[in-house]
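Pasted below: data33.txt, compact mmCIF, C-alpha atoms and all ligand atoms.
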# COMPACT_ATOMS: atom_id res chain seq x y z
CA MET A 13 44.65 -86.51 108.03
CA ARG A 14 45.51 -87.33 104.43
CA LYS A 15 48.87 -86.30 103.18
CA LYS A 16 48.32 -83.57 100.59
CA ARG A 17 50.69 -83.29 97.70
CA ILE A 18 51.43 -80.79 94.97
CA MET A 19 49.45 -82.10 92.01
CA ILE A 20 50.82 -81.55 88.52
CA VAL A 21 48.46 -81.49 85.54
CA GLY A 22 49.28 -80.91 81.88
CA ALA A 23 49.22 -82.34 78.38
CA GLY A 24 51.36 -85.32 77.37
CA ARG A 25 55.07 -84.41 77.17
CA SER A 26 54.44 -80.94 78.63
CA GLY A 27 57.16 -81.30 81.27
CA LYS A 28 55.18 -82.62 84.26
CA THR A 29 57.67 -85.28 85.33
CA THR A 30 60.65 -82.99 84.73
CA LEU A 31 59.10 -80.45 87.13
CA ALA A 32 58.19 -83.19 89.65
CA ASN A 33 61.79 -84.43 89.59
CA PHE A 34 63.02 -80.92 90.35
CA LEU A 35 60.60 -80.42 93.23
CA GLU A 36 61.38 -83.86 94.69
CA GLY A 37 65.14 -83.79 94.47
CA GLY A 38 65.13 -87.63 94.52
CA GLY A 39 63.34 -90.07 96.81
CA GLU A 40 60.64 -92.68 96.73
CA ILE A 41 58.28 -93.23 93.79
CA ARG A 42 54.93 -95.02 94.07
CA ARG A 43 52.79 -95.62 90.99
CA ILE A 44 49.06 -96.09 91.46
CA PRO A 45 47.41 -96.89 88.09
CA ASN A 46 48.72 -94.02 86.00
CA MET A 47 49.08 -91.54 88.86
CA VAL A 48 52.55 -91.17 90.35
CA TYR A 49 52.64 -90.41 94.08
CA ARG A 50 56.01 -89.27 95.37
CA SER A 51 56.92 -87.62 98.63
CA VAL A 52 56.01 -84.10 97.49
CA THR A 53 54.20 -84.41 94.17
CA LEU A 54 51.32 -86.18 92.48
CA ASP A 55 52.16 -86.50 88.78
CA THR A 56 49.17 -87.16 86.51
CA PRO A 57 48.84 -88.63 83.00
CA GLY A 58 48.52 -86.21 80.08
CA PRO A 59 45.76 -88.23 78.34
CA TYR A 60 43.46 -87.63 81.34
CA LEU A 61 42.80 -84.17 79.93
CA GLU A 62 41.40 -85.62 76.74
CA SER A 63 37.96 -86.85 77.71
CA PRO A 64 35.35 -85.72 80.25
CA TRP A 65 35.35 -89.21 81.75
CA MET A 66 39.09 -89.11 82.37
CA GLN A 67 38.98 -85.49 83.52
CA ASN A 68 36.80 -86.75 86.36
CA HIS A 69 39.74 -88.88 87.55
CA LEU A 70 41.82 -85.73 87.85
CA ILE A 71 39.08 -83.97 89.78
CA ALA A 72 38.80 -86.97 92.13
CA ALA A 73 42.58 -87.16 92.60
CA ALA A 74 42.61 -83.51 93.64
CA GLN A 75 41.32 -84.57 97.05
CA ASP A 76 44.95 -85.59 97.65
CA ALA A 77 46.26 -82.19 96.53
CA SER A 78 47.29 -79.16 98.57
CA CYS A 79 47.46 -77.16 95.33
CA ILE A 80 47.54 -77.85 91.62
CA LEU A 81 50.10 -76.83 89.02
CA MET A 82 48.46 -76.51 85.62
CA LEU A 83 51.16 -76.68 82.98
CA ALA A 84 51.09 -75.13 79.51
CA ASP A 85 53.91 -76.16 77.20
CA ALA A 86 55.24 -73.07 75.40
CA SER A 87 56.46 -75.30 72.57
CA GLY A 88 53.55 -77.72 72.44
CA VAL A 89 49.98 -78.23 71.38
CA ARG A 90 47.45 -75.51 72.15
CA GLN A 91 44.10 -75.63 73.93
CA VAL A 92 44.66 -78.79 75.92
CA TYR A 93 42.37 -77.73 78.78
CA PRO A 94 38.60 -77.53 78.58
CA PRO A 95 37.34 -73.96 79.04
CA GLU A 96 37.31 -72.94 82.73
CA PHE A 97 38.77 -76.31 83.77
CA ALA A 98 40.51 -74.69 86.75
CA LYS A 99 37.11 -73.88 88.27
CA ALA A 100 36.50 -77.61 88.85
CA PHE A 101 39.04 -77.56 91.70
CA ARG A 102 38.76 -76.26 95.24
CA VAL A 103 42.47 -75.90 95.97
CA PRO A 104 44.74 -73.07 94.80
CA ILE A 105 45.88 -73.33 91.18
CA PHE A 106 49.25 -72.16 89.85
CA GLY A 107 49.68 -71.59 86.11
CA VAL A 108 53.10 -72.74 84.89
CA ILE A 109 54.48 -72.18 81.39
CA THR A 110 57.08 -74.84 80.62
CA LYS A 111 59.94 -75.12 78.07
CA CYS A 112 60.43 -71.37 77.80
CA ASP A 113 63.92 -72.05 76.43
CA HIS A 114 62.58 -73.99 73.43
CA PRO A 115 63.36 -72.46 70.01
CA ASP A 116 59.65 -72.67 69.10
CA ALA A 117 58.47 -71.40 72.49
CA ASP A 118 55.46 -69.08 72.38
CA ARG A 119 54.83 -67.91 75.94
CA GLU A 120 51.92 -65.70 74.97
CA ALA A 121 50.06 -68.56 73.31
CA ALA A 122 50.69 -70.72 76.38
CA ALA A 123 49.43 -67.92 78.64
CA LYS A 124 46.26 -67.70 76.51
CA ASP A 125 45.68 -71.42 77.05
CA LEU A 126 45.91 -70.95 80.80
CA MET A 127 43.59 -67.94 80.64
CA GLN A 128 40.92 -69.85 78.73
CA ALA A 129 41.30 -72.66 81.27
CA GLY A 130 40.34 -70.17 83.98
CA VAL A 131 43.77 -70.03 85.65
CA ILE A 132 44.37 -66.69 87.31
CA PRO A 133 47.71 -64.97 86.49
CA PRO A 134 50.54 -64.41 87.25
CA TYR A 135 52.01 -67.47 85.55
CA TYR A 136 55.41 -68.96 86.38
CA GLU A 137 57.66 -69.28 83.35
CA ILE A 138 60.12 -72.15 83.71
CA SER A 139 62.70 -74.12 81.78
CA VAL A 140 65.23 -76.79 82.66
CA THR A 141 67.89 -74.38 81.47
CA ASP A 142 66.84 -71.72 84.00
CA PRO A 143 67.22 -72.95 87.59
CA GLY A 144 66.28 -69.47 88.85
CA GLY A 145 62.76 -69.71 87.41
CA MET A 146 62.31 -73.21 88.87
CA GLU A 147 63.52 -72.05 92.30
CA CYS A 148 61.14 -69.09 92.20
CA LEU A 149 58.22 -71.47 91.63
CA LYS A 150 59.48 -73.78 94.38
CA GLU A 151 59.53 -70.92 96.85
CA ALA A 152 55.97 -69.98 96.00
CA LEU A 153 55.00 -73.60 96.65
CA LEU A 154 56.56 -73.86 100.12
CA PRO A 155 53.27 -73.13 101.94
CA PHE A 156 51.78 -76.10 100.09
CA TRP A 157 54.60 -78.54 100.82
CA PRO A 158 53.43 -81.79 102.48
CA VAL A 159 53.89 -81.74 106.24
CA ARG A 160 56.95 -83.78 107.12
CA GLY A 161 56.20 -86.91 109.11
CA GLU A 162 52.50 -86.85 108.32
CA PRO A 163 51.45 -90.45 107.65
CA THR A 164 50.99 -91.30 103.99
CA LYS A 165 47.46 -92.55 103.67
CA SER A 166 46.81 -95.54 101.45
CA VAL A 167 45.73 -94.00 98.20
CA ILE A 168 44.18 -97.10 96.66
N1 LIG B 201 63.56 -77.68 75.85
C1 LIG B 201 63.00 -78.15 76.98
N2 LIG B 201 62.60 -79.44 77.04
C2 LIG B 201 62.02 -79.87 78.18
C3 LIG B 201 61.83 -79.03 79.31
N3 LIG B 201 61.19 -79.73 80.29
C4 LIG B 201 60.99 -80.96 79.79
N4 LIG B 201 61.50 -81.07 78.52
C5 LIG B 201 61.51 -82.25 77.64
O1 LIG B 201 60.18 -82.55 77.25
C6 LIG B 201 59.98 -83.96 77.18
C7 LIG B 201 58.80 -84.34 78.07
O2 LIG B 201 59.11 -84.05 79.44
P1 LIG B 201 58.41 -84.83 80.62
O3 LIG B 201 58.81 -84.16 81.89
O4 LIG B 201 58.63 -86.30 80.52
O5 LIG B 201 56.89 -84.50 80.29
P2 LIG B 201 55.58 -85.16 80.91
O6 LIG B 201 54.55 -84.09 80.90
O7 LIG B 201 55.88 -85.81 82.21
O8 LIG B 201 55.25 -86.25 79.81
P3 LIG B 201 54.20 -87.47 79.93
O9 LIG B 201 54.38 -88.11 81.29
O10 LIG B 201 54.59 -88.39 78.78
O11 LIG B 201 52.84 -86.87 79.74
C8 LIG B 201 61.29 -84.59 77.64
O12 LIG B 201 62.02 -84.95 76.48
C9 LIG B 201 61.99 -83.48 78.41
O13 LIG B 201 63.39 -83.59 78.37
C10 LIG B 201 62.32 -77.67 79.22
O14 LIG B 201 62.23 -76.84 80.13
N5 LIG B 201 62.89 -77.30 78.03
MG MG B 202 55.45 -87.76 82.87

I need this file expressed as structure tokens, please.
Amino acid sequence: MRKKRIMIVGAGRSGKTTLANFLEGGGEIRRIPNMVYRSVTLDTPGPYLESPWMQNHLIAAAQDASCILMLADASGVRQVYPPEFAKAFRVPIFGVITKCDHPDADREAAAKDLMQAGVIPPYYEISVTDPGGMECLKEALLPFWPVRGEPTKSVI
């Protein structure tokens, strides 16, 4: 069986790799053209959200996902997801609002983005300055954690 990872999707600079680093706690990194496969996570490029052609790459990569974290940057650009984008996936989706500590953070606007993307609330609000919020998300993700010792299938 394929090893299923926690896939992280979001706009450029929205905090995807920061969250992946937290969930990994170190370990091996393998880069397959633009996608980053690590032991727990599958980190995806922000620009893949920008065109329908590249969005298809995300949808294809989701076959390697046990669940998907869709990030919305509370301090960043709005409306990065196509309407109802979450409906393209067959695995559970978690909405995550990042950078809640940022001086320009607007959680409500970020939540609206996730809503229009078809992500069902509640949304996890996180920040690097709030380990409690990150831990809370991590606990919710435990059922989706890759099975230890399961062989890592070649992803090429
Ligand atoms: N204030 C604040 N900054 C954050 C937080 N999380 C990430 N950042 C900063 O946001 C920037 C982008 O973070 P990354 O984790 O690299 O974002 P990314 O989505 O992986 O970016 P790309 O791979 O370039 O698409 C970095 O400068 C981080 O330090 C946060 O919770 N609060
Ligand atoms: Mg990154």

Around ligand MG 202 (chain B), which protein and nucleic acid residues have at least one atom no more than 12 Å from it, if we count only C-alpha atoms and all ligand atoms? List them as an MDAnalysis selection string. chainID A and resid 20:33 43 46:49 53:59 83

Best match for closeness to Cys112 of chain A among A:Val92, A:Leu126, A:Ile71, A:Ile138, counting only C-alpha atoms: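 Of all the options, A:Ile138 lies closest to Cys112 of chain A.
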
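Here atom CA of Val103 of chain A and atom CA of Pro155 of chain A stand 12.6 Å from one another.
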
Could you name the residues that touch Pro134 of chain A at 10 Å or less, counting all atoms listed in the file, but leaving out those on the same chain fewer than 6 positions away, as a compact mmCIF listing (two decimals) with C-alpha atoms, keeping the file's coordinate frame?
# COMPACT_ATOMS: atom_id res chain seq x y z
CA PHE A 106 49.25 -72.16 89.85
CA GLY A 107 49.68 -71.59 86.11
CA VAL A 108 53.10 -72.74 84.89
CA ALA A 123 49.43 -67.92 78.64

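Nearest to Met146 of chain A of all the residues A:Arg160, A:Lys99, A:Arg119, A:Lys111 is A:Lys111, counting only C-alpha atoms.
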
Report the distance between atom C1 of ligand LIG 201 (chain B) and atom CA of Gly145 of chain A in Å, rounded to one decimal place. 13.4 Å

Provide the atom C4 of ligand LIG 201 (chain B) to atom CA of Ile105 of chain A distance in Å, to one decimal place.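 It comes out at 20.4 Å.
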
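Every protein or nucleic acid residue with an atom no more than 12 Å from Ala72 of chain A, counting only C-alpha atoms and leaving out same-chain residues fewer than 3 positions away, appears here: Met19, Met47, Thr56, Tyr60, Trp65, Met66, Gln67, Asn68, His69, Gln75, Asp76, Ala77, Ala100, Phe101, Arg102 and Val167 of chain A.
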
What are the centre and edge lengths in Å, to one decimal, of the axis-aligned box around all listed atoms of segment 100-111 of chain A with 8 Å added on each side, as AutoDock Vina command-line options?
--center_x 48.2 --center_y -74.6 --center_z 87.0 --size_x 39.4 --size_y 22.0 --size_z 33.9

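Compared by their closest atoms to ligand LIG 201 (chain B), and using all atoms listed in the file, the residues A:Ile132, A:Leu35, A:Ile80, A:Val140 rank with A:Val140 nearest.
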
Restricting to all atoms listed in the file, whichever of A:Gly144, A:Pro94, A:Gly37, A:Pro133 is closest to Arg50 of chain A is A:Gly37

Pick from A:Ile109, A:Arg42, A:Gly130, A:Ala98: nearest to ligand LIG 201 (chain B), with all atoms listed in the file counted? A:Ile109
